[in-house]
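The structure under discussion appears below in the form of C-alpha cells.
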Amino acid sequence: MLQGKNIVEVWRSLLVHGLLAFIFLILMGRYYYLMIVLHEKYSEKATANHIRAVPVLASRGIIYDTEYNILVDNAPSYTILVIPIEVKNKPESLERLSKIMEVSVEEINRRIQKNRRGSFAPAKVFSRVPFEKISHLQEHRLELIGVTYSIEPIRKYVSDLDLTHSLGYTREINRDDLDRYSSDLDYQPGDQVGWKGIEKFYEAELHGQRGFRYLEVNAFGQEIGESDDRAPINPKPGHDLLLTIDPFLQSIAEKALADSSGALVILNHQTGEILAYASRPGYDLEKLSGRISSKDWNALREDPRKPLYDRGIQGLYPAGSTLKPLAALYSLENHSNAKERRYICRGGYRLGNRTFGCWKKSGHGKVNLHEAIEQSCNVFFYNLIQDIGLEDWAHMARSFGLGQLSGIDIPGENKGLVPDTRYMNRKYGVNNWTRGNLLNIVVGQGDVLATPLQLAQFAGMIATKGVLQRPHFVNRVISKSGVIVEEINPKSETKVNASNASWNFIQEAMWAVVNGPHGTAKSARQKDWEIYGKTGTAQNPHGEDHAWFIGFSLDERYPYSWALLLENGGGGGGKAAPLVGKVLRQIARKDL
Amino acid sequence: MRKYVIGRLKEFEMSTLVLVLFLSASGLLAIYSIEVHHTSSSNYLLRQSVWVTLGLGLFFVGYLAPRKVIHNLSYIAYAAGILLLLIPIGINRGAGVNRWISFGSYGVQPSEFMKILLLIALARYFADHKRSLSAIRELMTPFAMTMVPTALVLMQPDLGTALVYFGTFIVVIFWAGIRPLYFFLLLAPVISMLAAFQTLSFFLWMGLIIVILYFGNLPFWTKIFNFSINVGLGGITNLLWALLKPYQQQRILSLIDSESDPLGAGYQVSQSLTAFGAGGPFGKGLGEGTQTQLKFLPEQHTDFIMTVIGEEFGFIGVMIVITLFYLLIARLVNQAYSSKYRFDSVILIGFASVLLFHVFVNLGMIAGIMPVTGIPLPYISYGGSFMVTTMIFAGLSTNMATSGRAAR
C-alpha cells in the first residue's frame, strides 16, 4: 500500500482521487446552479430584502370659494412614536415624555404594547398632538432617546364660512371603501378619504397619488438611509377645486338662518352655479375630520335638531303653495280661457261632506289666475285642478325636476316625491283615492315632497323660462401647476316647453306676489330691484308648519334664484319672505 | 539542534504553506469587507490577523517538531486533550453551551485541538499495530479512543465536532487497510439509526445485514452480537432523537426544506442562498453586498463567511477558493500515498479528511445541501482556536511529507 506501486494501488489511488474530485464537482455544480442559473431570482430577492418602500402621502387638493379664498387647506398633524427597543434601555425617556404629555408612564407603555409592530419599528403613542407639545419635545430631544414624531397632513378649515354639509369631511378609509377603491391601488389602510359632501364627490380629483421613498433597511428592520438603487417617486398632489360659492352671499345666508333649522339655497339660474348653500343646524367640520371620539359622535347623532342631516338636499318637505305656478302654467298652455277664468273663494271648497279650506278664512272673493297666484288662493286652484288630470300635472312637475335627483355634485341627495296615478293606486289602492287627494296635491300638501334645492331649481326654471342648468358646487378643477383640468359647465337643456306669453304671465304673477297690492311676500320687496317670488306653507302634522319662500331676480347683475325653508317657521309670507328680503337688501346695499 | 533546524528549513516544501496563505488571505479580505462600513468594537480583522500570525508561528513549530518526539508524546498529549475537554463542562455546569475555556475576553476551544491530538493518537496506534488489524477486537481500542472525545463534545453539545472526530476515525481505519466486512460492521449501526426513522427502510436494512452476516466469515456469536446491536440501536433511535436539543433537531430537519420556514432554522440558509444568487458570476464588489453589509447573513464572519465572498466576488471568487481547497486536499492525499511511514501517512490522510469534511459540510451547508451543523471553513472563518489548529495541522503535514522524503 505504501511502497508497492502495483496495479491494485494505482486503482485504489484513482478511486480516492475520483471520489475527491466527485465531491468537489458536486460543490462546484451546486454553486454554479445557485449563482449563475438562479442569479436573477435571487437578485430580486436580495433587493426586496433590503429596500423598504415608504409611502409619501400626496397633499390633498385645496378647496377655494369662487373668489379664490381658501375654504379647506391642509395642516400638519403630529404623531408621537416610540421605538420600543430604544426606550427599553432608557426608561428616563418615557418619564420625560410622560411629563410633557401629562399622561402616565403606564398608559404610554400600554399604548406601546397595543401599537407595537416589532422592537425596532416605531409604535404610535399619541396622535394629533398640538404643536406646542412638539416644540417641547424638540427642546428635550436629548433626554428623549427613542421618542420620535411624524407629520401627516390633515384637513384644516380656514374660512369663517361654515359650509358644513356641502364641504363635508375626510376620515380614515374603512375596509369597505378600501375594497371599493381596490381597482385604484393607491389607497392603503390609514389613508384619509372623502367621507361626505364635496370631499367625497370629488375624492378622485382631490386625492392625488402617493409617492414612495425607498429606504435601505438592515436585517433588523432598522432604516439605514435612502437607497442608492432606486430613485424616489414623488407624490402627485391632488387637484384644487374652485367652488361656485360666493363668499359674501354664503356668509349672509348663514347669518340670516342663524340658529333656526332650515335651508337657504341661492343659485345662478343662468349657469346652475350654487352661490350660497346654508343648511342649519350644522356642526364643526374640524371636529369630525380625521378622528372623532365616540362620545362626540354619539352626541351629534342623537342631537334632536339633527345637525348631521343636510336639509338642502336631504330634507323632504311638502312643497306647499310654491307649486301653484305649476298648475297655472299647465292651464295657460292648455285652457284657452285660462287668464279669464274666475272662481269665487269664500274661504273654503266643499267636496262631498268635506270642506277644503283656503288660508284666508274670510275668502278672496272672485279671483282670476293672476290674483290667485298673487294672493295664493287655494280655492281657485281646487277648482282649476278639476280641469287638469293628475297625470298631466305630475308630468309637468317632473319636467321641472321635481321627484328626481338633481344630479348635484355632492352625495346623499333625496329625490322627493311627485305623486302620479300609479303611485296613488299603489299607496291607497285603485279607486280608493279621491278628488280630495288631488286637491291637496295641487296646493303642494300631502304626498308632494321636495327638497329646498329642487325648489330653488324650480324657481330658476321659471326665471329661465324652462331652461335647466344643472346645479353644481364646483366650477373648476385646477392642477397644482395652475392648469385647468376640468371646467364644470353643464349643458343647458330646455326642459319645459311653453309659450313666451305663458311664461311672462307666470313671472308677472310672481312679481305681484312681492310687489302687488295684495301680494303674500310684500316683506321681500326691494327698492329699485324687481323681485319675483312665491310663498308656501308646508303643513307639518308634528308641529308648527314649515315656511317656504322661493323666488328669483331677472336683474342682469343678480341672476339669482333661491329657495328658503324654515322648519316650523309658520306661514311662508310671515317669516320666510321677510328673511329673504333681509338677505336681498344686504346684497343690494353691498353694491351701492 | 541548530543544525537540525537549518537542515529542515532547507528541505522545506512550500506548496501547502502557499495554499494556506492564499486561503487565509481570502478570509481576511472577507472579514475586512464585513467591517468596511461598520467600525465594530470587536474588530475581527485585527484579531484574525493576530490568529493568522500566531498560526504561522505554530505552523513552523509543527513543521520543525521531530516526528519521533511527536510519536512518543502522542498518547500523553491525547490524555491531556481529554482533560482539557472536561474543563469547560466542569466550569460551566448547567449552562447551555460549554465549548470554551475563557482567558479574559479570549476563549479557547479545546475541542479544536483535540482534532489534532486524536488523529496523532490514532496514527500511532495504527503505526504500532500494523499486523493485528485482521481481528475485530483490535479495532476496539481506537474505537474507544475516538468515542471518548466524541461523547464529551456531544455533551457540550457540539454535533459538528463530534462528526469530525468520528469521520476521522472512519477514514483512518479505512486507510489502515481494515477488512471491508469490519468496515461495514462499524458503519452499520449509524445506518441502522438513520433507517429507523422509517419502518420499511429499517426492515429492508435489517434484511441486508442478515444476508451480509450470514455470508461473512465471523464467529457465530459475533454475528449474533452485531445483529443485536443494530436492532437495539435502531430501536432506541427515537429515544435518542428526543434527547437531542430542539435546535439540533431543527438543524437536521431544516436541511429537508430550508425555504419553507424563512424565519426559523431555514432563515439563515435562505439568506445565505439569496446572497450567493445575488452575487452572480462576478459579484457586487468589495463592500457592496447588501446581504452582507445589512447583516442579513447570520454568523457572517464565522460559519457563513463564504457567503460574503460569494456575494461580493461572485462565482469566480467562490471557484477560486474551492479550487484552492481542492489543490490542498489532493496534494495531501498524494503525500499520504507517497509517504514512507504509516504514522506519517495516517496523519496526512487524516488531515486531508478533516479538511474535506469541514469544506464539504460548510460549503454544502451554506449552499443548502447539508444541514446547519456549525462547522467553520478552514483558514477562512474567523476564530482563533480553529485557525491555530489548522495551521499546526498544515505544519505537521508538511513535516510528515518532507521527513518521509528525506529518509528516502
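Residues in the C-alpha cells are named by chain (A, B, ... in the order shown) and by number from 1 within that chain; ligands are numbered from 1 in the order shown.
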
#### Entry: Residues of chain A within 9 Å of chain B, counting only C-alpha atoms, as an MDAnalysis selection string
chainID A and resid 1:3 13 16:17 20:21 23:24 27:28 30:47 49:50 216:220 224

Output for the residues just chosen: C-alpha atoms as a PDB file, in the first residue's frame:
ATOM      1  CA  MET A   1       0.000   0.000   0.000  1.00  0.00           C
ATOM      2  CA  LEU A   2       2.691   2.440   0.824  1.00  0.00           C
ATOM      3  CA  GLN A   3       5.611   1.346  -1.318  1.00  0.00           C
ATOM      4  CA  SER A  13      -5.408   5.839  -5.685  1.00  0.00           C
ATOM      5  CA  VAL A  16      -9.725   8.045  -3.845  1.00  0.00           C
ATOM      6  CA  HIS A  17      -8.894  10.876  -6.224  1.00  0.00           C
ATOM      7  CA  LEU A  20     -12.366  13.629  -4.076  1.00  0.00           C
ATOM      8  CA  ALA A  21     -12.928  15.158  -7.491  1.00  0.00           C
ATOM      9  CA  ILE A  23     -17.182  15.707  -4.062  1.00  0.00           C
ATOM     10  CA  PHE A  24     -15.689  18.948  -5.358  1.00  0.00           C
ATOM     11  CA  LEU A  27     -19.959  21.608  -4.687  1.00  0.00           C
ATOM     12  CA  MET A  28     -18.994  23.468  -7.850  1.00  0.00           C
ATOM     13  CA  ARG A  30     -24.277  23.482  -6.742  1.00  0.00           C
ATOM     14  CA  TYR A  31     -22.630  26.894  -6.732  1.00  0.00           C
ATOM     15  CA  TYR A  32     -22.963  27.131 -10.498  1.00  0.00           C
ATOM     16  CA  TYR A  33     -26.680  26.456 -10.165  1.00  0.00           C
ATOM     17  CA  LEU A  34     -27.117  28.942  -7.305  1.00  0.00           C
ATOM     18  CA  MET A  35     -25.018  31.769  -8.654  1.00  0.00           C
ATOM     19  CA  ILE A  36     -25.410  31.530 -12.401  1.00  0.00           C
ATOM     20  CA  VAL A  37     -28.701  29.758 -13.086  1.00  0.00           C
ATOM     21  CA  LEU A  38     -30.683  31.300 -10.209  1.00  0.00           C
ATOM     22  CA  HIS A  39     -28.856  34.617 -10.283  1.00  0.00           C
ATOM     23  CA  GLU A  40     -31.833  36.657 -11.437  1.00  0.00           C
ATOM     24  CA  LYS A  41     -34.294  35.174  -8.958  1.00  0.00           C
ATOM     25  CA  TYR A  42     -32.027  35.783  -6.013  1.00  0.00           C
ATOM     26  CA  SER A  43     -31.047  39.260  -7.166  1.00  0.00           C
ATOM     27  CA  GLU A  44     -34.671  40.280  -6.929  1.00  0.00           C
ATOM     28  CA  LYS A  45     -34.987  38.609  -3.583  1.00  0.00           C
ATOM     29  CA  ALA A  46     -31.933  40.408  -2.236  1.00  0.00           C
ATOM     30  CA  THR A  47     -33.329  43.715  -3.425  1.00  0.00           C
ATOM     31  CA  ASN A  49     -34.894  42.085   1.311  1.00  0.00           C
ATOM     32  CA  HIS A  50     -33.252  45.385   1.939  1.00  0.00           C
ATOM     33  CA  GLU A 216     -32.430  50.734   2.835  1.00  0.00           C
ATOM     34  CA  VAL A 217     -33.142  48.572   5.857  1.00  0.00           C
ATOM     35  CA  ASN A 218     -30.969  46.036   7.590  1.00  0.00           C
ATOM     36  CA  ALA A 219     -31.883  42.593   8.827  1.00  0.00           C
ATOM     37  CA  PHE A 220     -33.446  44.068  11.979  1.00  0.00           C
ATOM     38  CA  ILE A 224     -30.150  52.940   7.142  1.00  0.00           C
TER      39      ILE A 224
END

Check the DSSP output for the backbone and give back, as a PDB file with C-alpha atoms, in the first residue's frame, the residues of stretch 230-453 of chain A in helix (DSSP H, G or I).
ATOM      1  CA  PRO A 247     -68.342  84.090  -0.016  1.00  0.00           C
ATOM      2  CA  PHE A 248     -70.450  87.182   0.544  1.00  0.00           C
ATOM      3  CA  LEU A 249     -73.750  85.520  -0.325  1.00  0.00           C
ATOM      4  CA  GLN A 250     -72.796  82.447   1.673  1.00  0.00           C
ATOM      5  CA  SER A 251     -71.928  84.483   4.688  1.00  0.00           C
ATOM      6  CA  ILE A 252     -75.169  86.483   4.706  1.00  0.00           C
ATOM      7  CA  ALA A 253     -77.182  83.349   4.016  1.00  0.00           C
ATOM      8  CA  GLU A 254     -75.611  81.626   7.009  1.00  0.00           C
ATOM      9  CA  LYS A 255     -76.128  84.677   9.183  1.00  0.00           C
ATOM     10  CA  ALA A 256     -79.753  85.014   8.069  1.00  0.00           C
ATOM     11  CA  LEU A 257     -80.551  81.480   9.100  1.00  0.00           C
ATOM     12  CA  LEU A 285     -66.142  70.072  10.499  1.00  0.00           C
ATOM     13  CA  GLU A 286     -62.783  70.322  12.214  1.00  0.00           C
ATOM     14  CA  LYS A 287     -64.094  68.046  14.928  1.00  0.00           C
ATOM     15  CA  LEU A 288     -65.277  65.360  12.543  1.00  0.00           C
ATOM     16  CA  SER A 294     -67.326  58.185  20.060  1.00  0.00           C
ATOM     17  CA  LYS A 295     -68.775  60.473  22.725  1.00  0.00           C
ATOM     18  CA  ASP A 296     -68.771  63.461  20.370  1.00  0.00           C
ATOM     19  CA  TRP A 297     -70.080  61.330  17.542  1.00  0.00           C
ATOM     20  CA  ASN A 298     -72.983  59.994  19.558  1.00  0.00           C
ATOM     21  CA  ALA A 299     -73.824  63.456  20.815  1.00  0.00           C
ATOM     22  CA  LEU A 300     -74.090  64.622  17.195  1.00  0.00           C
ATOM     23  CA  ARG A 301     -76.116  61.617  16.145  1.00  0.00           C
ATOM     24  CA  GLU A 302     -78.554  61.891  18.991  1.00  0.00           C
ATOM     25  CA  ARG A 311     -81.604  69.831   4.822  1.00  0.00           C
ATOM     26  CA  GLY A 312     -80.687  71.401   1.486  1.00  0.00           C
ATOM     27  CA  ILE A 313     -80.624  68.152  -0.467  1.00  0.00           C
ATOM     28  CA  GLN A 314     -81.920  65.580   2.003  1.00  0.00           C
ATOM     29  CA  GLY A 320     -96.946  73.911  -0.284  1.00  0.00           C
ATOM     30  CA  SER A 321     -98.209  76.778  -2.384  1.00  0.00           C
ATOM     31  CA  THR A 322     -94.852  77.260  -4.028  1.00  0.00           C
ATOM     32  CA  LEU A 323     -96.075  74.734  -6.587  1.00  0.00           C
ATOM     33  CA  LYS A 324     -99.125  76.737  -7.630  1.00  0.00           C
ATOM     34  CA  PRO A 325     -97.353  78.221 -10.670  1.00  0.00           C
ATOM     35  CA  LEU A 326     -97.068  74.667 -11.944  1.00  0.00           C
ATOM     36  CA  ALA A 327    -100.825  74.193 -12.339  1.00  0.00           C
ATOM     37  CA  ALA A 328    -101.077  77.760 -13.590  1.00  0.00           C
ATOM     38  CA  LEU A 329     -98.579  77.124 -16.365  1.00  0.00           C
ATOM     39  CA  TYR A 330    -100.453  73.986 -17.380  1.00  0.00           C
ATOM     40  CA  SER A 331    -103.699  75.889 -17.526  1.00  0.00           C
ATOM     41  CA  LEU A 332    -102.151  78.724 -19.567  1.00  0.00           C
ATOM     42  CA  GLU A 333    -100.863  76.236 -22.113  1.00  0.00           C
ATOM     43  CA  ASN A 334    -103.980  74.077 -22.302  1.00  0.00           C
ATOM     44  CA  LEU A 369    -105.375  83.248 -12.202  1.00  0.00           C
ATOM     45  CA  HIS A 370    -103.099  86.223 -11.698  1.00  0.00           C
ATOM     46  CA  GLU A 371    -104.770  87.162  -8.443  1.00  0.00           C
ATOM     47  CA  ALA A 372    -104.886  83.560  -7.317  1.00  0.00           C
ATOM     48  CA  ILE A 373    -101.089  83.348  -7.585  1.00  0.00           C
ATOM     49  CA  GLU A 374    -100.502  86.772  -6.074  1.00  0.00           C
ATOM     50  CA  GLN A 375    -102.742  86.043  -3.110  1.00  0.00           C
ATOM     51  CA  ASN A 378    -106.307  77.724  -2.607  1.00  0.00           C
ATOM     52  CA  VAL A 379    -109.927  77.645  -3.702  1.00  0.00           C
ATOM     53  CA  PHE A 380    -109.050  78.883  -7.183  1.00  0.00           C
ATOM     54  CA  PHE A 381    -106.630  76.038  -7.625  1.00  0.00           C
ATOM     55  CA  TYR A 382    -109.056  73.484  -6.118  1.00  0.00           C
ATOM     56  CA  ASN A 383    -111.341  74.445  -8.943  1.00  0.00           C
ATOM     57  CA  LEU A 384    -108.611  74.552 -11.546  1.00  0.00           C
ATOM     58  CA  ILE A 385    -107.247  71.091 -10.803  1.00  0.00           C
ATOM     59  CA  LEU A 390    -103.232  64.105 -12.078  1.00  0.00           C
ATOM     60  CA  GLU A 391    -101.081  62.563 -14.808  1.00  0.00           C
ATOM     61  CA  ASP A 392    -100.701  65.841 -16.671  1.00  0.00           C
ATOM     62  CA  TRP A 393     -99.921  67.725 -13.510  1.00  0.00           C
ATOM     63  CA  ALA A 394     -97.313  65.135 -12.457  1.00  0.00           C
ATOM     64  CA  HIS A 395     -95.701  65.207 -15.872  1.00  0.00           C
ATOM     65  CA  MET A 396     -95.339  68.962 -15.645  1.00  0.00           C
ATOM     66  CA  ALA A 397     -93.887  68.678 -12.124  1.00  0.00           C
ATOM     67  CA  ARG A 398     -91.337  66.109 -13.229  1.00  0.00           C
ATOM     68  CA  SER A 399     -90.241  68.228 -16.170  1.00  0.00           C
ATOM     69  CA  THR A 421    -101.773  57.721 -10.713  1.00  0.00           C
ATOM     70  CA  ARG A 422     -99.553  54.694 -10.308  1.00  0.00           C
ATOM     71  CA  TYR A 423     -98.227  55.975  -7.025  1.00  0.00           C
ATOM     72  CA  MET A 424    -101.675  56.838  -5.688  1.00  0.00           C
ATOM     73  CA  ASN A 425    -103.049  53.468  -6.724  1.00  0.00           C
ATOM     74  CA  ARG A 426    -100.199  51.738  -5.031  1.00  0.00           C
ATOM     75  CA  LYS A 427    -100.469  53.777  -1.863  1.00  0.00           C
ATOM     76  CA  TYR A 428    -104.227  53.984  -1.405  1.00  0.00           C
ATOM     77  CA  ARG A 435    -110.640  64.098  -5.752  1.00  0.00           C
ATOM     78  CA  GLY A 436    -109.806  65.175  -2.213  1.00  0.00           C
ATOM     79  CA  ASN A 437    -106.289  63.849  -2.555  1.00  0.00           C
ATOM     80  CA  LEU A 438    -105.965  65.729  -5.807  1.00  0.00           C
ATOM     81  CA  LEU A 439    -106.999  68.967  -4.129  1.00  0.00           C
ATOM     82  CA  ASN A 440    -104.250  68.503  -1.566  1.00  0.00           C
ATOM     83  CA  ILE A 441    -101.664  67.793  -4.242  1.00  0.00           C
ATOM     84  CA  VAL A 442    -102.322  70.924  -6.289  1.00  0.00           C
ATOM     85  CA  PRO A 452     -85.044  73.112  -0.913  1.00  0.00           C
ATOM     86  CA  LEU A 453     -82.557  72.559  -3.742  1.00  0.00           C
TER      87      LEU A 453
END

### Task
Select from stretch 334-582 of chain A everything DSSP, run on the backbone, classes as strand (DSSP E), then give the selection as a PyMOL selection string.
chain A and resi 343-345+348-351+354-357+365-367+449-450+467-468+474-478+484-487+493-494+531-538+546-553+560-566

Could you please take those selected residues and save N, CA and C atoms as a compact mmCIF listing (two decimals), in the first residue's frame?
# COMPACT_ATOMS: atom_id res chain seq x y z
N TYR A 343 -112.90 82.21 -10.31
CA TYR A 343 -113.60 81.37 -9.34
C TYR A 343 -113.83 82.19 -8.09
N ILE A 344 -114.92 81.88 -7.41
CA ILE A 344 -115.23 82.65 -6.21
C ILE A 344 -114.70 81.91 -4.98
N CYS A 345 -113.94 82.60 -4.18
CA CYS A 345 -113.40 81.99 -2.96
C CYS A 345 -114.15 82.54 -1.76
N GLY A 348 -113.43 78.51 1.47
CA GLY A 348 -113.42 77.05 1.53
C GLY A 348 -114.00 76.44 0.27
N TYR A 349 -113.81 75.15 0.11
CA TYR A 349 -114.29 74.44 -1.07
C TYR A 349 -114.91 73.15 -0.60
N ARG A 350 -116.20 72.96 -0.96
CA ARG A 350 -116.90 71.76 -0.49
C ARG A 350 -116.75 70.63 -1.48
N LEU A 351 -116.33 69.52 -0.95
CA LEU A 351 -116.26 68.33 -1.80
C LEU A 351 -116.94 67.22 -1.02
N ARG A 354 -116.96 67.10 2.85
CA ARG A 354 -115.75 67.68 3.43
C ARG A 354 -115.49 69.07 2.89
N THR A 355 -114.94 69.95 3.71
CA THR A 355 -114.60 71.29 3.24
C THR A 355 -113.07 71.44 3.21
N PHE A 356 -112.56 71.85 2.06
CA PHE A 356 -111.13 72.13 1.93
C PHE A 356 -110.94 73.63 2.04
N GLY A 357 -110.24 74.07 3.04
CA GLY A 357 -110.17 75.50 3.33
C GLY A 357 -109.14 76.23 2.51
N GLY A 365 -112.86 86.25 -2.43
CA GLY A 365 -113.86 86.77 -3.36
C GLY A 365 -113.66 86.17 -4.74
N LYS A 366 -113.99 86.96 -5.74
CA LYS A 366 -113.90 86.49 -7.11
C LYS A 366 -112.47 86.72 -7.60
N VAL A 367 -111.74 85.66 -7.92
CA VAL A 367 -110.32 85.84 -8.30
C VAL A 367 -110.04 85.20 -9.66
N LEU A 449 -93.51 65.91 -2.07
CA LEU A 449 -92.34 66.20 -1.24
C LEU A 449 -91.20 66.71 -2.12
N ALA A 450 -90.54 67.77 -1.62
CA ALA A 450 -89.44 68.33 -2.39
C ALA A 450 -88.35 68.83 -1.45
N VAL A 467 -85.60 76.59 -19.03
CA VAL A 467 -84.26 76.07 -19.32
C VAL A 467 -83.61 75.60 -18.01
N LEU A 468 -83.12 74.37 -18.02
CA LEU A 468 -82.50 73.83 -16.80
C LEU A 468 -80.98 73.96 -16.89
N VAL A 474 -68.97 72.89 -7.89
CA VAL A 474 -67.59 73.05 -8.33
C VAL A 474 -67.56 73.66 -9.71
N ASN A 475 -66.76 74.69 -9.81
CA ASN A 475 -66.63 75.45 -11.03
C ASN A 475 -65.50 74.90 -11.88
N ARG A 476 -64.35 74.74 -11.22
CA ARG A 476 -63.17 74.28 -11.94
C ARG A 476 -62.36 73.32 -11.09
N VAL A 477 -61.73 72.38 -11.78
CA VAL A 477 -60.73 71.53 -11.15
C VAL A 477 -59.39 72.01 -11.69
N ILE A 478 -58.51 72.38 -10.77
CA ILE A 478 -57.26 73.02 -11.20
C ILE A 478 -56.08 72.23 -10.66
N ILE A 484 -56.07 74.28 -15.78
CA ILE A 484 -57.47 73.90 -15.54
C ILE A 484 -57.66 72.49 -16.09
N VAL A 485 -57.91 71.57 -15.19
CA VAL A 485 -58.06 70.17 -15.58
C VAL A 485 -59.46 69.93 -16.12
N GLU A 486 -60.41 70.58 -15.47
CA GLU A 486 -61.79 70.37 -15.89
C GLU A 486 -62.59 71.62 -15.57
N GLU A 487 -63.39 72.03 -16.53
CA GLU A 487 -64.27 73.17 -16.32
C GLU A 487 -65.66 72.59 -16.22
N GLU A 493 -80.43 72.82 -20.83
CA GLU A 493 -81.41 71.99 -21.53
C GLU A 493 -82.77 72.62 -21.35
N THR A 494 -83.52 72.77 -22.42
CA THR A 494 -84.88 73.26 -22.28
C THR A 494 -85.75 72.09 -21.87
N ILE A 531 -88.18 91.91 -7.71
CA ILE A 531 -88.04 90.58 -7.14
C ILE A 531 -89.29 89.78 -7.48
N TYR A 532 -89.11 88.51 -7.82
CA TYR A 532 -90.22 87.62 -8.12
C TYR A 532 -90.21 86.50 -7.07
N GLY A 533 -91.40 86.10 -6.66
CA GLY A 533 -91.36 85.07 -5.63
C GLY A 533 -92.67 84.33 -5.45
N LYS A 534 -92.65 83.37 -4.58
CA LYS A 534 -93.86 82.65 -4.20
C LYS A 534 -93.66 82.10 -2.81
N THR A 535 -94.63 82.36 -1.97
CA THR A 535 -94.56 81.84 -0.61
C THR A 535 -95.20 80.46 -0.57
N GLY A 536 -94.96 79.77 0.51
CA GLY A 536 -95.57 78.46 0.66
C GLY A 536 -95.56 78.06 2.12
N THR A 537 -96.54 77.25 2.46
CA THR A 537 -96.60 76.75 3.82
C THR A 537 -96.74 75.24 3.74
N ALA A 538 -95.77 74.57 4.34
CA ALA A 538 -95.81 73.11 4.31
C ALA A 538 -96.43 72.64 5.59
N HIS A 546 -94.01 74.39 8.27
CA HIS A 546 -92.74 74.87 7.73
C HIS A 546 -93.03 75.98 6.74
N ALA A 547 -92.14 76.97 6.72
CA ALA A 547 -92.36 78.13 5.85
C ALA A 547 -91.44 78.10 4.65
N TRP A 548 -91.99 78.37 3.48
CA TRP A 548 -91.20 78.44 2.24
C TRP A 548 -91.22 79.84 1.68
N PHE A 549 -90.12 80.24 1.09
CA PHE A 549 -90.19 81.35 0.15
C PHE A 549 -89.22 81.07 -0.98
N ILE A 550 -89.76 80.92 -2.18
CA ILE A 550 -88.88 80.71 -3.33
C ILE A 550 -89.00 81.92 -4.23
N GLY A 551 -88.01 82.12 -5.08
CA GLY A 551 -88.09 83.27 -5.96
C GLY A 551 -86.87 83.44 -6.83
N PHE A 552 -86.88 84.54 -7.57
CA PHE A 552 -85.75 84.81 -8.46
C PHE A 552 -85.69 86.28 -8.77
N SER A 553 -84.58 86.66 -9.39
CA SER A 553 -84.41 88.03 -9.84
C SER A 553 -83.97 87.95 -11.29
N TYR A 560 -80.20 85.54 -9.82
CA TYR A 560 -80.31 84.61 -8.71
C TYR A 560 -81.70 83.98 -8.63
N SER A 561 -81.69 82.71 -8.20
CA SER A 561 -82.93 82.05 -7.82
C SER A 561 -82.68 81.44 -6.45
N TRP A 562 -83.71 81.34 -5.68
CA TRP A 562 -83.49 80.82 -4.33
C TRP A 562 -84.68 80.04 -3.83
N ALA A 563 -84.41 79.28 -2.80
CA ALA A 563 -85.47 78.65 -2.04
C ALA A 563 -85.04 78.70 -0.59
N LEU A 564 -85.96 79.16 0.25
CA LEU A 564 -85.69 79.18 1.68
C LEU A 564 -86.73 78.32 2.36
N LEU A 565 -86.28 77.45 3.21
CA LEU A 565 -87.21 76.69 4.05
C LEU A 565 -86.86 76.94 5.50
N LEU A 566 -87.88 77.33 6.25
CA LEU A 566 -87.68 77.47 7.69
C LEU A 566 -88.53 76.42 8.38

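The gap separating atom CA of A:Asp409 from atom CA of A:Arg470 is 9.6 Å, in Å to one decimal.
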
### Message
Using only C-alpha atoms, which protein or nucleic acid residues come within 9 Å of B:Arg47? Drop anything in the same chain fewer than 3 positions from it, and give the result as a list in words.
### Response
Ser42, Asn43, Tyr44, Val50, Trp51, Val52, Tyr382, Gly383 and Gly384 of chain B

### Message
Which residue is closest to B:Val308? Choose from B:Leu328, B:Val20, B:Ile380, B:Leu244 and count only C-alpha atoms.
### Response
B:Ile380

### Message
Using only C-alpha atoms, which protein or nucleic acid residues come within 8 Å of B:Val172? Drop anything in the same chain fewer than 4 positions from it, and give the result as a PyMOL selection string.
### Response
chain B and resi 122-123+168+176+346+349-350

### Query
To one decimal place, how far is atom CA of A:Gln457 from atom CA of A:Lys306 in Å?
24.7 Å

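Minimum distance to A:Glu556 across A:Ala577, A:Ala463, A:Leu178, A:Leu316 (counting only C-alpha atoms) occurs at A:Ala463.
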
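If only C-alpha atoms are the atoms counted, then among A:Ser406, A:Thr170, A:Asn89, A:Ser104 the closest residue to A:Asn74 is A:Thr170.
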
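Going from atom CA of B:Arg179 over to atom CA of B:Ala151, you cover 25.9 Å.
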
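Excluding stretch 186-197 of chain B and any residue on its chain fewer than 4 positions from it, the residues at most 7 Å away by only C-alpha atoms are Tyr182, Ser201, Phe202, Asn230, Leu233, Gly234 and Thr237 of chain B.
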
Deliver the residues from the most recent selection as a file, using N, CA and C atoms, as a PDB file, in the first residue's frame.
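Below is the file part.pdb, written as the result:
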ATOM      1  N   TYR B 182     -15.401  -5.603   8.289  1.00  0.00           N
ATOM      2  CA  TYR B 182     -15.324  -4.856   9.549  1.00  0.00           C
ATOM      3  C   TYR B 182     -15.784  -3.425   9.357  1.00  0.00           C
ATOM      4  N   SER B 201     -37.831   1.108   5.523  1.00  0.00           N
ATOM      5  CA  SER B 201     -36.395   1.154   5.260  1.00  0.00           C
ATOM      6  C   SER B 201     -35.633   0.394   6.351  1.00  0.00           C
ATOM      7  N   PHE B 202     -36.127   0.444   7.576  1.00  0.00           N
ATOM      8  CA  PHE B 202     -35.469  -0.252   8.681  1.00  0.00           C
ATOM      9  C   PHE B 202     -35.490  -1.770   8.453  1.00  0.00           C
ATOM     10  N   ASN B 230     -27.402  -3.718  16.146  1.00  0.00           N
ATOM     11  CA  ASN B 230     -28.102  -2.928  15.122  1.00  0.00           C
ATOM     12  C   ASN B 230     -29.594  -2.809  15.418  1.00  0.00           C
ATOM     13  N   LEU B 233     -29.964  -0.470  18.532  1.00  0.00           N
ATOM     14  CA  LEU B 233     -29.743   0.953  18.248  1.00  0.00           C
ATOM     15  C   LEU B 233     -30.899   1.537  17.451  1.00  0.00           C
ATOM     16  N   GLY B 234     -31.321   0.723  16.462  1.00  0.00           N
ATOM     17  CA  GLY B 234     -32.469   1.184  15.679  1.00  0.00           C
ATOM     18  C   GLY B 234     -33.668   1.416  16.583  1.00  0.00           C
ATOM     19  N   THR B 237     -33.454   4.662  18.623  1.00  0.00           N
ATOM     20  CA  THR B 237     -33.184   5.894  17.876  1.00  0.00           C
ATOM     21  C   THR B 237     -34.163   7.015  18.219  1.00  0.00           C
TER      22      THR B 237
END

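Once B:Leu117 and its same-chain neighbours fewer than 4 positions away are set aside, Leu73, Ser74, Tyr75, Ile76, Ala77, Tyr78, Ala79, Ala80, Gly81, Ile82, Ser111, Glu112, Phe113, Ala121, Leu122 and Ala123 of chain B remain within 10 Å of it when counting only C-alpha atoms.
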